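Engineer: Got entry01.cif for you, mmCIF, C-alpha atoms:
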```cif
data_data
loop_
_atom_site.label_atom_id
_atom_site.label_comp_id
_atom_site.auth_asym_id
_atom_site.auth_seq_id
_atom_site.Cartn_x
_atom_site.Cartn_y
_atom_site.Cartn_z
CA MET L 1 72.18 41.20 75.66
CA ASN L 2 74.24 38.10 75.01
CA THR L 3 77.42 39.76 73.85
CA PRO L 4 80.13 38.97 76.40
CA ALA L 5 81.39 42.08 78.18
CA LEU L 6 84.89 43.23 77.32
CA LYS L 7 87.18 43.16 80.33
CA GLU L 8 89.31 45.87 78.82
CA TRP L 9 88.52 48.26 76.01
CA PRO L 10 90.90 48.25 73.08
CA LEU L 11 93.34 51.11 72.55
CA TRP L 12 92.92 53.58 69.67
CA GLU L 13 95.39 56.03 68.16
CA VAL L 14 93.97 59.49 67.49
CA PHE L 15 94.90 61.72 64.55
CA VAL L 16 93.61 65.27 64.34
CA ARG L 17 93.70 67.66 61.40
CA SER L 18 93.95 71.17 62.73
CA LYS L 19 93.06 73.08 59.55
CA GLN L 20 91.71 72.45 56.09
CA GLY L 21 94.62 71.58 53.81
CA LEU L 22 96.93 70.35 56.54
CA GLU L 23 97.57 66.67 57.23
CA HIS L 24 96.20 64.68 60.15
CA LYS L 25 98.72 64.51 62.98
CA HIS L 26 99.01 61.91 65.67
CA CYS L 27 98.06 63.49 68.97
CA GLY L 28 97.59 60.62 71.41
CA SER L 29 95.61 57.52 72.23
CA LEU L 30 92.57 56.47 74.23
CA HIS L 31 90.50 53.46 75.24
CA ALA L 32 87.07 52.90 73.70
CA ALA L 33 84.72 49.99 73.10
CA ASP L 34 84.41 50.54 69.34
CA ALA L 35 85.29 52.91 66.52
CA SER L 36 82.32 55.27 66.79
CA GLN L 37 82.79 55.61 70.54
CA ALA L 38 86.50 56.20 70.01
CA LEU L 39 85.67 59.02 67.63
CA HIS L 40 83.40 60.70 70.15
CA MET L 41 85.85 60.30 72.96
CA ALA L 42 88.61 61.69 70.78
CA ARG L 43 86.43 64.75 70.24
CA ASP L 44 86.06 65.19 73.99
CA VAL L 45 89.65 64.41 74.93
CA TYR L 46 91.64 66.03 72.13
CA THR L 47 89.58 68.78 70.48
CA ARG L 48 88.19 70.69 73.46
CA ARG L 49 90.20 73.78 72.66
CA GLN L 50 89.34 74.09 68.98
CA GLU L 51 92.30 71.98 67.94
CA GLY L 52 90.65 70.29 65.01
CA VAL L 53 88.36 70.16 62.03
CA SER L 54 88.66 66.42 61.41
CA ILE L 55 89.51 63.33 63.46
CA TRP L 56 90.76 59.86 62.53
CA VAL L 57 90.89 56.96 64.95
CA VAL L 58 92.82 53.78 64.23
CA PRO L 59 92.97 50.63 66.35
CA SER L 60 96.42 50.64 67.92
CA ALA L 61 96.65 46.91 67.20
CA SER L 62 96.49 47.68 63.46
CA ILE L 63 99.73 49.60 63.59
CA THR L 64 102.88 47.65 62.81
CA ALA L 65 105.79 49.43 64.42
CA SER L 66 109.51 49.11 63.85
CA ASN L 67 111.50 47.57 66.67
CA PRO L 68 113.65 50.06 68.60
CA ASP L 69 116.37 47.36 68.82
CA ASP L 70 116.64 47.44 65.00
CA LYS L 71 117.45 51.13 65.04
CA GLY L 72 121.05 50.48 64.11
CA GLU L 73 120.46 48.49 60.98
CA LEU L 74 117.39 50.46 59.88
CA PHE L 75 118.50 54.03 60.31
CA ASP L 76 122.22 54.38 60.95
CA PRO L 77 123.29 53.45 57.38
CA ALA L 78 121.59 56.62 56.16
CA ALA L 79 123.82 58.76 58.33
CA ASP L 80 126.77 58.98 55.91
CA LYS L 81 124.82 59.14 52.64
CA ILE L 82 124.80 62.89 52.41
CA TYR L 83 124.47 62.68 48.63
CA ARG L 84 120.85 61.65 49.19
CA HIS L 85 120.10 65.14 50.43
CA PRO L 86 119.45 67.64 47.64
CA THR L 87 122.07 70.02 48.99
CA PHE L 88 124.44 70.02 46.00
CA TYR L 89 122.27 71.93 43.59
CA GLU L 90 122.94 75.53 42.82
CA ILE L 91 119.67 77.42 43.13
CA PRO L 92 119.32 80.28 40.65
CA GLU L 93 118.87 83.69 42.23
CA GLU L 94 115.45 84.15 40.56
CA VAL L 95 113.99 81.19 42.49
CA GLY L 96 114.58 82.95 45.77
CA HIS L 97 113.86 81.20 49.02
CA MET L 98 112.89 77.53 48.65
CA MET U 1 57.44 93.31 74.27
CA SER U 2 58.89 92.33 77.61
CA THR U 3 60.61 89.01 78.20
CA PRO U 4 59.19 87.22 81.24
CA ILE U 5 62.15 87.00 83.58
CA ASP U 6 60.88 83.89 85.34
CA TYR U 7 60.95 82.02 82.04
CA LEU U 8 64.61 82.90 81.45
CA LEU U 9 65.36 81.88 85.03
CA HIS U 10 63.65 78.55 84.40
CA LEU U 11 65.97 77.90 81.45
CA ALA U 12 69.03 79.17 83.33
CA ASP U 13 68.29 77.23 86.52
CA ASN U 14 67.76 74.03 84.53
CA ALA U 15 71.20 74.44 83.01
CA VAL U 16 73.06 75.42 86.17
CA VAL U 17 71.52 72.72 88.37
CA LEU U 18 72.19 69.89 85.92
CA GLY U 19 75.63 71.33 85.21
CA GLN U 20 76.45 71.33 88.91
CA ARG U 21 74.98 67.85 89.42
CA ASN U 22 76.96 66.34 86.55
CA ALA U 23 80.12 68.09 87.74
CA GLU U 24 80.03 65.83 90.81
CA TRP U 25 81.48 63.17 88.53
CA CYS U 26 84.54 65.27 87.75
CA GLY U 27 87.53 63.21 88.82
CA HIS U 28 85.25 60.24 89.63
CA GLY U 29 84.10 59.21 86.16
CA PRO U 30 83.96 55.51 85.26
CA ILE U 31 86.92 55.95 82.88
CA LEU U 32 89.19 58.86 82.06
CA GLU U 33 87.71 59.53 78.62
CA GLU U 34 84.16 59.58 79.94
CA ASP U 35 85.15 61.76 82.88
CA LEU U 36 86.32 64.39 80.41
CA ALA U 37 83.25 63.96 78.20
CA LEU U 38 80.85 64.54 81.08
CA ALA U 39 82.86 67.49 82.39
CA ASN U 40 82.56 69.00 78.89
CA VAL U 41 78.79 68.58 79.09
CA SER U 42 78.76 70.30 82.48
CA LEU U 43 80.81 73.20 81.18
CA ASP U 44 78.45 73.60 78.21
CA LEU U 45 75.49 73.71 80.59
CA ILE U 46 77.13 76.19 82.94
CA GLY U 47 78.04 78.31 79.91
CA GLN U 48 74.40 78.31 78.81
CA ALA U 49 73.33 79.28 82.33
CA ARG U 50 75.80 82.17 82.38
CA LEU U 51 74.47 83.63 79.15
CA LEU U 52 70.90 83.35 80.40
CA TYR U 53 71.68 84.87 83.81
CA GLN U 54 73.49 87.72 82.07
CA ARG U 55 70.37 88.32 79.98
CA VAL U 56 68.22 88.33 83.13
CA ALA U 57 70.61 90.73 84.86
CA GLU U 58 70.45 93.01 81.82
CA LEU U 59 66.64 93.02 81.91
CA LYS U 60 66.47 93.52 85.66
CA GLY U 61 69.03 96.30 85.70
CA GLY U 62 70.24 97.80 88.97
CA ASP U 63 72.82 95.71 90.76
CA ALA U 64 71.59 92.38 89.35
CA SER U 65 74.40 90.14 88.10
CA GLU U 66 74.89 86.57 86.95
CA ASP U 67 76.72 85.72 90.18
CA LYS U 68 73.97 87.16 92.38
CA LEU U 69 71.38 85.14 90.48
CA ALA U 70 73.31 81.89 90.71
CA TYR U 71 74.75 82.19 94.19
CA PHE U 72 72.44 84.37 96.24
CA ARG U 73 69.01 82.92 95.59
CA ASP U 74 67.62 80.12 97.77
CA ALA U 75 66.04 76.83 96.75
CA HIS U 76 62.44 78.10 96.58
CA GLU U 77 63.54 80.79 94.12
CA PHE U 78 65.00 78.27 91.69
CA ARG U 79 62.83 77.41 88.69
CA ASN U 80 64.46 74.19 87.44
CA TYR U 81 62.71 70.89 86.77
CA THR U 82 62.84 68.60 89.80
CA LEU U 83 64.31 65.88 87.54
CA LEU U 84 67.57 67.81 87.27
CA GLU U 85 68.32 68.17 90.99
CA LEU U 86 67.99 64.47 91.89
CA PRO U 87 71.17 62.69 93.00
CA HIS U 88 72.94 60.21 90.73
CA HIS U 89 71.24 57.15 92.12
CA GLY U 90 67.91 55.44 92.53
CA PRO U 91 64.87 56.53 94.51
CA LEU U 92 65.68 55.07 97.90
CA VAL U 93 68.97 56.75 98.73
CA GLY U 94 68.50 59.98 100.59
CA TYR U 95 71.90 61.58 100.38
CA ALA U 96 73.97 62.78 97.47
CA ALA U 97 77.27 61.27 98.59
CA ALA U 98 75.96 57.70 98.21
CA ASP U 99 77.40 55.52 95.48
CA ARG U 100 76.68 57.15 92.17
CA ASP U 101 75.04 55.18 89.43
CA TYR U 102 76.16 56.14 85.95
CA ALA U 103 73.00 54.78 84.35
CA THR U 104 70.98 57.34 86.34
CA THR U 105 73.27 60.10 85.12
CA ILE U 106 73.01 59.00 81.51
CA VAL U 107 69.24 58.43 81.49
CA ARG U 108 68.62 61.87 83.01
CA ASN U 109 70.91 63.56 80.50
CA PHE U 110 69.15 61.69 77.72
CA LEU U 111 65.62 62.65 78.82
CA TYR U 112 66.56 66.29 79.35
CA SER U 113 68.66 66.82 76.24
CA ALA U 114 65.99 65.11 74.10
CA LEU U 115 63.67 67.88 75.24
CA MET U 116 66.18 70.70 75.01
CA VAL U 117 67.27 70.06 71.41
CA LEU U 118 63.63 70.71 70.52
CA VAL U 119 63.27 73.69 72.85
CA TRP U 120 66.50 75.40 71.72
CA ASP U 121 65.65 74.73 68.10
CA GLY U 122 62.30 76.51 68.55
CA LEU U 123 63.80 79.34 70.62
CA GLN U 124 66.00 80.34 67.70
CA ASN U 125 62.84 82.10 66.47
CA SER U 126 62.10 83.77 69.82
CA ALA U 127 60.83 87.35 69.78
CA ASP U 128 63.66 88.03 72.25
CA ALA U 129 66.71 88.40 70.01
CA GLY U 130 69.10 87.82 72.92
CA LEU U 131 67.42 84.54 73.77
CA ALA U 132 67.36 83.53 70.09
CA ALA U 133 71.13 84.00 69.93
CA ILE U 134 71.68 81.92 73.06
CA ALA U 135 69.45 79.23 71.55
CA ALA U 136 71.46 79.15 68.32
CA LYS U 137 74.61 78.43 70.31
CA SER U 138 72.98 75.99 72.71
CA VAL U 139 71.21 73.84 70.14
CA LYS U 140 74.56 72.61 68.80
CA GLU U 141 75.89 71.80 72.25
CA THR U 142 72.69 70.06 73.22
CA SER U 143 72.63 67.97 70.04
CA TYR U 144 75.98 66.62 71.12
CA HIS U 145 74.75 65.98 74.68
CA LEU U 146 71.83 64.03 73.27
CA HIS U 147 74.11 62.04 71.00
CA HIS U 148 76.43 61.25 73.89
CA ALA U 149 73.67 60.19 76.29
CA ARG U 150 71.73 58.22 73.67
CA ASP U 151 74.86 56.33 72.68
CA TRP U 152 75.44 55.23 76.28
CA LEU U 153 71.77 54.49 76.85
CA VAL U 154 71.79 52.02 73.96
CA ARG U 155 75.10 50.50 75.06
CA MET U 156 73.87 50.00 78.61
CA GLY U 157 70.37 48.84 77.72
CA ASP U 158 71.56 46.47 75.02
CA GLY U 159 74.64 45.50 77.02
CA THR U 160 75.16 42.99 79.81
CA ASP U 161 72.47 41.74 82.18
CA GLU U 162 73.70 44.10 84.86
CA SER U 163 73.94 47.18 82.64
CA HIS U 164 70.49 46.43 81.25
CA ALA U 165 69.00 46.09 84.73
CA ARG U 166 70.59 49.33 85.90
CA ALA U 167 69.49 51.25 82.82
CA GLN U 168 65.93 49.96 83.19
CA ALA U 169 65.89 50.89 86.89
CA ALA U 170 67.07 54.40 86.01
CA VAL U 171 64.37 54.76 83.35
CA ASP U 172 61.71 53.53 85.79
CA HIS U 173 62.97 55.94 88.45
CA LEU U 174 63.33 59.05 86.31
CA MET U 175 60.62 58.84 83.67
CA PRO U 176 57.82 59.99 86.02
CA TYR U 177 59.70 63.24 86.63
CA THR U 178 59.47 64.09 82.92
CA GLU U 179 55.73 64.66 83.37
CA GLU U 180 56.71 68.08 84.68
CA PHE U 181 57.83 68.99 81.15
CA TRP U 182 54.22 68.93 79.94
CA THR U 183 52.50 71.12 82.52
CA THR U 184 52.45 74.86 81.81
CA SER U 185 53.73 77.16 84.55
CA PRO U 186 52.55 80.79 84.72
CA ALA U 187 56.01 81.90 83.57
CA GLU U 188 55.90 79.59 80.55
CA GLY U 189 52.36 80.66 79.71
CA ALA U 190 53.34 84.34 79.78
CA ALA U 191 56.44 83.71 77.70
CA VAL U 192 54.50 81.75 75.08
CA ALA U 193 51.89 84.53 74.92
CA ALA U 194 54.69 87.06 74.35
CA HIS U 195 56.14 84.86 71.53
CA VAL U 196 59.35 84.60 73.56
CA ALA U 197 59.04 80.88 74.40
CA VAL U 198 58.10 77.74 72.54
CA ASP U 199 55.06 75.85 73.76
CA VAL U 200 56.66 72.75 75.24
CA TRP U 201 53.38 70.84 75.06
CA ALA U 202 53.56 71.02 71.27
CA LEU U 203 56.99 69.35 71.37
CA ARG U 204 55.70 66.27 73.13
CA PRO U 205 55.11 64.05 70.07
CA ALA U 206 58.64 64.77 68.81
CA TRP U 207 60.11 64.05 72.26
CA ASP U 208 58.11 60.82 72.48
CA THR U 209 59.54 59.72 69.15
CA ILE U 210 63.13 60.39 70.23
CA VAL U 211 62.62 58.61 73.54
CA ASN U 212 60.65 55.63 72.23
CA GLU U 213 63.09 54.95 69.40
CA ALA U 214 66.08 55.07 71.72
CA LEU U 215 64.42 52.87 74.35
CA ALA U 216 63.48 50.34 71.67
CA GLU U 217 67.03 50.26 70.35
CA ALA U 218 68.28 49.88 73.92
CA THR U 219 65.81 46.98 74.51
CA LEU U 220 64.36 48.95 77.44
CA SER U 221 60.69 49.39 78.26
CA ARG U 222 58.94 52.64 79.02
CA PRO U 223 57.02 52.60 82.30
CA ASN U 224 53.42 53.80 82.47
CA PHE U 225 53.02 56.95 84.48
CA HIS U 226 50.63 57.57 87.30
CA GLY U 227 50.95 59.72 90.39
CA TYR U 228 52.32 63.06 91.51
CA VAL U 229 53.65 65.51 88.93
CA THR U 230 56.62 67.46 90.30
CA GLU U 231 56.56 71.26 90.37
CA GLY U 232 60.19 72.33 90.55
CA LYS U 233 59.69 74.99 87.91
CA VAL U 234 57.34 76.92 90.18
CA GLY U 235 59.77 76.63 93.10
CA LEU U 236 58.48 73.50 94.88
CA HIS U 237 61.54 71.29 95.04
CA SER U 238 62.69 67.97 96.44
CA GLU U 239 64.93 67.92 99.51
CA HIS U 240 67.95 67.39 97.25
CA LEU U 241 68.15 70.89 95.76
CA GLY U 242 69.06 72.54 99.07
CA PHE U 243 72.12 70.33 99.50
CA LEU U 244 73.20 70.90 95.92
CA LEU U 245 72.90 74.67 96.29
CA ALA U 246 74.65 74.65 99.66
CA GLU U 247 77.69 73.11 98.01
CA MET U 248 77.51 75.28 94.91
CA GLN U 249 76.92 78.56 96.74
CA SER U 250 79.01 78.20 99.89
CA LEU U 251 82.21 79.66 98.47
CA ALA U 252 80.55 82.69 96.91
CA ARG U 253 78.62 83.30 100.14
CA ALA U 254 81.67 82.95 102.36
CA HIS U 255 83.57 85.45 100.20
CA PRO U 256 81.00 87.80 98.66
CA ASP U 257 82.39 89.64 95.64
CA GLY U 258 85.61 87.64 95.96
CA ARG U 259 87.72 87.43 92.82
CA TRP U 260 90.27 84.81 91.87
#
```
Would you encode the structure as structure tokens?

Structural biologist:
Amino acid sequence: MNTPALKEWPLWEVFVRSKQGLEHKHCGSLHAADASQALHMARDVYTRRQEGVSIWVVPSASITASNPDDKGELFDPAADKIYRHPTFYEIPEEVGHM
Amino acid sequence: MSTPIDYLLHLADNAVVLGQRNAEWCGHGPILEEDLALANVSLDLIGQARLLYQRVAELKGGDASEDKLAYFRDAHEFRNYTLLELPHHGPLVGYAAADRDYATTIVRNFLYSALMVLVWDGLQNSADAGLAAIAAKSVKETSYHLHHARDWLVRMGDGTDESHARAQAAVDHLMPYTEEFWTTSPAEGAAVAAHVAVDVWALRPAWDTIVNEALAEATLSRPNFHGYVTEGKVGLHSEHLGFLLAEMQSLARAHPDGRW
């Protein structure tokens, strides 16, 4: 009874795995007081139409994101390095579609 | 073996009345996530009611249908517990549009779903195979409803001074209505005799355990009961059911057999 009330609930990122064997995919976010409540709310908000077999929730504050302003230095240099793509190999006929 | 129709109607009316009551929160929930969660609970309950009404219509034959049963019976023909028709606020507010109190909503859902997980579990062995199948589906939904309501009950009870006070007031207000669970109506008696129903009286110790453990965890106290035991399940209702039905039934009655 002596825990101070939160003015705002923290934000959580929700990841849902749609089928066994597939990876969890980010599908959105929600507010919840703690992890177990976030999990239940994720069930109600994001899996109402049989979207999932497994849910992860992660505090949004735990995610370190790249800065959109750094896009140039982070990603543009990769644009002209086509030799990093495995497109120069001859694929033998017998392998078929890869 | 014949399935007592009034017993199925009791189960169906419980589900439809609480489903309709909880649906009043749709678009007005305390937060978006909880609004969706409670609407899901309502849809589960209305789904359960549909299956049960369909079973009744099948047994009655003729032109009986789920819509006729839900929309064209009047208050005295409904067999739900009085607990489920009460508005979402304390004892002294006489009209449903008053400020809703979420603690009342949660405590009611908790008390009812604590009973229904036990009832549905037992009904999986009903002599009525149709009812047993409905029970197998409903027991999973109801386990989730209980989990949801219990979680909030503990958060509110063991929360701030205000949330604790509201949760305790809701428990004090609603607990007396649960006495109706433990009386046996003629329909229940007949259904138990036909091995269609579970004897709710026998579930009381298990229900007490669920309730007492949750209240203890929520730092709430359980009031002692004395006084009138409600009789909604034999058709004697509070004044609130008529207003609820008027809202629920008005569209179907204004446009009978309408489709959209």

Engineer: Write down, as an NGL selection string, each residue of chain L that has any atom within 12 Å of an atom of chain U, counting all atoms listed in the file.

Structural biologist: :L and (1-6 or 8-9 or 11-12 or 29-34 or 36-49)

Engineer: Calculate how many Å separate atom CA of U:Arg253 from atom CA of U:Ala70, rounding to one decimal.

Structural biologist: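 Taking atom CA of U:Arg253 and atom CA of U:Ala70, their separation equals 10.9 Å.
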
Engineer: Report as a ChimeraX atom specification all protein, DNA and RNA residues lying within 10 Å of U:Gly130, evaluated on all atoms listed in the file, omitting residues in the same chain fewer than 6 positions from it.

Structural biologist: /U:51-52,55,124

Engineer: Quote the spacing between atom CA of U:Glu85 and atom CA of U:Ala23 in Å to one decimal place.

Structural biologist: 12.2 Å

Engineer: What do you get, as a list in words, if you spell out every residue that the PyMOL selection byres ((chain U and resi 12) around 8) selects here?

Structural biologist: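 Residues picked by the PyMOL selection byres ((chain U and resi 12) around 8): Leu8, Leu9, His10, Leu11, Asp13, Asn14, Ala15, Val16, Gln48, Ala49, Arg50, Leu52, Tyr53 and Asn80 of chain U.
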
Engineer: Distance cut-off 9 Å, centre (69.4, 67.8, 92.0) in file coordinates, counting all atoms listed in the file: which residues qualify? Return them as an mmCIF file with C-alpha atoms, keeping the file's coordinate frame.

Structural biologist:
```
data_model
loop_
_atom_site.group_PDB
_atom_site.id
_atom_site.type_symbol
_atom_site.label_atom_id
_atom_site.label_comp_id
_atom_site.auth_asym_id
_atom_site.auth_seq_id
_atom_site.Cartn_x
_atom_site.Cartn_y
_atom_site.Cartn_z
ATOM 1 C CA VAL U 17 71.520 72.720 88.370
ATOM 2 C CA LEU U 18 72.190 69.890 85.920
ATOM 3 C CA GLN U 20 76.450 71.330 88.910
ATOM 4 C CA ARG U 21 74.980 67.850 89.420
ATOM 5 C CA THR U 82 62.840 68.600 89.800
ATOM 6 C CA LEU U 83 64.310 65.880 87.540
ATOM 7 C CA LEU U 84 67.570 67.810 87.270
ATOM 8 C CA GLU U 85 68.320 68.170 90.990
ATOM 9 C CA LEU U 86 67.990 64.470 91.890
ATOM 10 C CA PRO U 87 71.170 62.690 93.000
ATOM 11 C CA HIS U 88 72.940 60.210 90.730
ATOM 12 C CA ALA U 96 73.970 62.780 97.470
ATOM 13 C CA SER U 238 62.690 67.970 96.440
ATOM 14 C CA GLU U 239 64.930 67.920 99.510
ATOM 15 C CA HIS U 240 67.950 67.390 97.250
ATOM 16 C CA LEU U 241 68.150 70.890 95.760
ATOM 17 C CA GLY U 242 69.060 72.540 99.070
ATOM 18 C CA PHE U 243 72.120 70.330 99.500
ATOM 19 C CA LEU U 244 73.200 70.900 95.920
ATOM 20 C CA LEU U 245 72.900 74.670 96.290
#
```

Engineer: Could you give me the centre and size, in Å to one decimal, of an axis-aligned box around all listed atoms of stretch 16-35 of chain U with 5 Å added on every side, as JSON?

Structural biologist:
```
{"center_x": 80.4, "center_y": 65.5, "center_z": 84.7, "size_x": 27.7, "size_y": 29.9, "size_z": 22.2}
```

Engineer: Report, in Å to a single decimal, how far apart atom CA of L:Ser60 and atom CA of L:Arg17 are.

Structural biologist: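 Result for atom CA of L:Arg17 versus atom CA of L:Ser60: 18.4 Å, one decimal.
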
Engineer: Just want the 8 Å neighbourhood of L:Gly28, counted on all atoms listed in the file, with same-chain residues fewer than 3 positions away dropped. Output as a list of chain:residue names.

Structural biologist: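 The filter keeps L:Glu13, L:Val14, L:Phe15.
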
Engineer: So which residues get picked by the PyMOL selection byres ((chain U and resi 106-115) around 8) here, written as a ChimeraX atom specification?

Structural biologist: /U:83-84,102-105,116-119,142-143,145-146,149-150,152-153,167,170-171,174-175,178,203,207,210-211

Engineer: Between U:Gly61, U:Pro176, U:Gly122, U:Gly27, single out the one closest to U:His226, counting all atoms listed in the file.

Structural biologist: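 For U:His226, the nearest of the given residues is U:Pro176.
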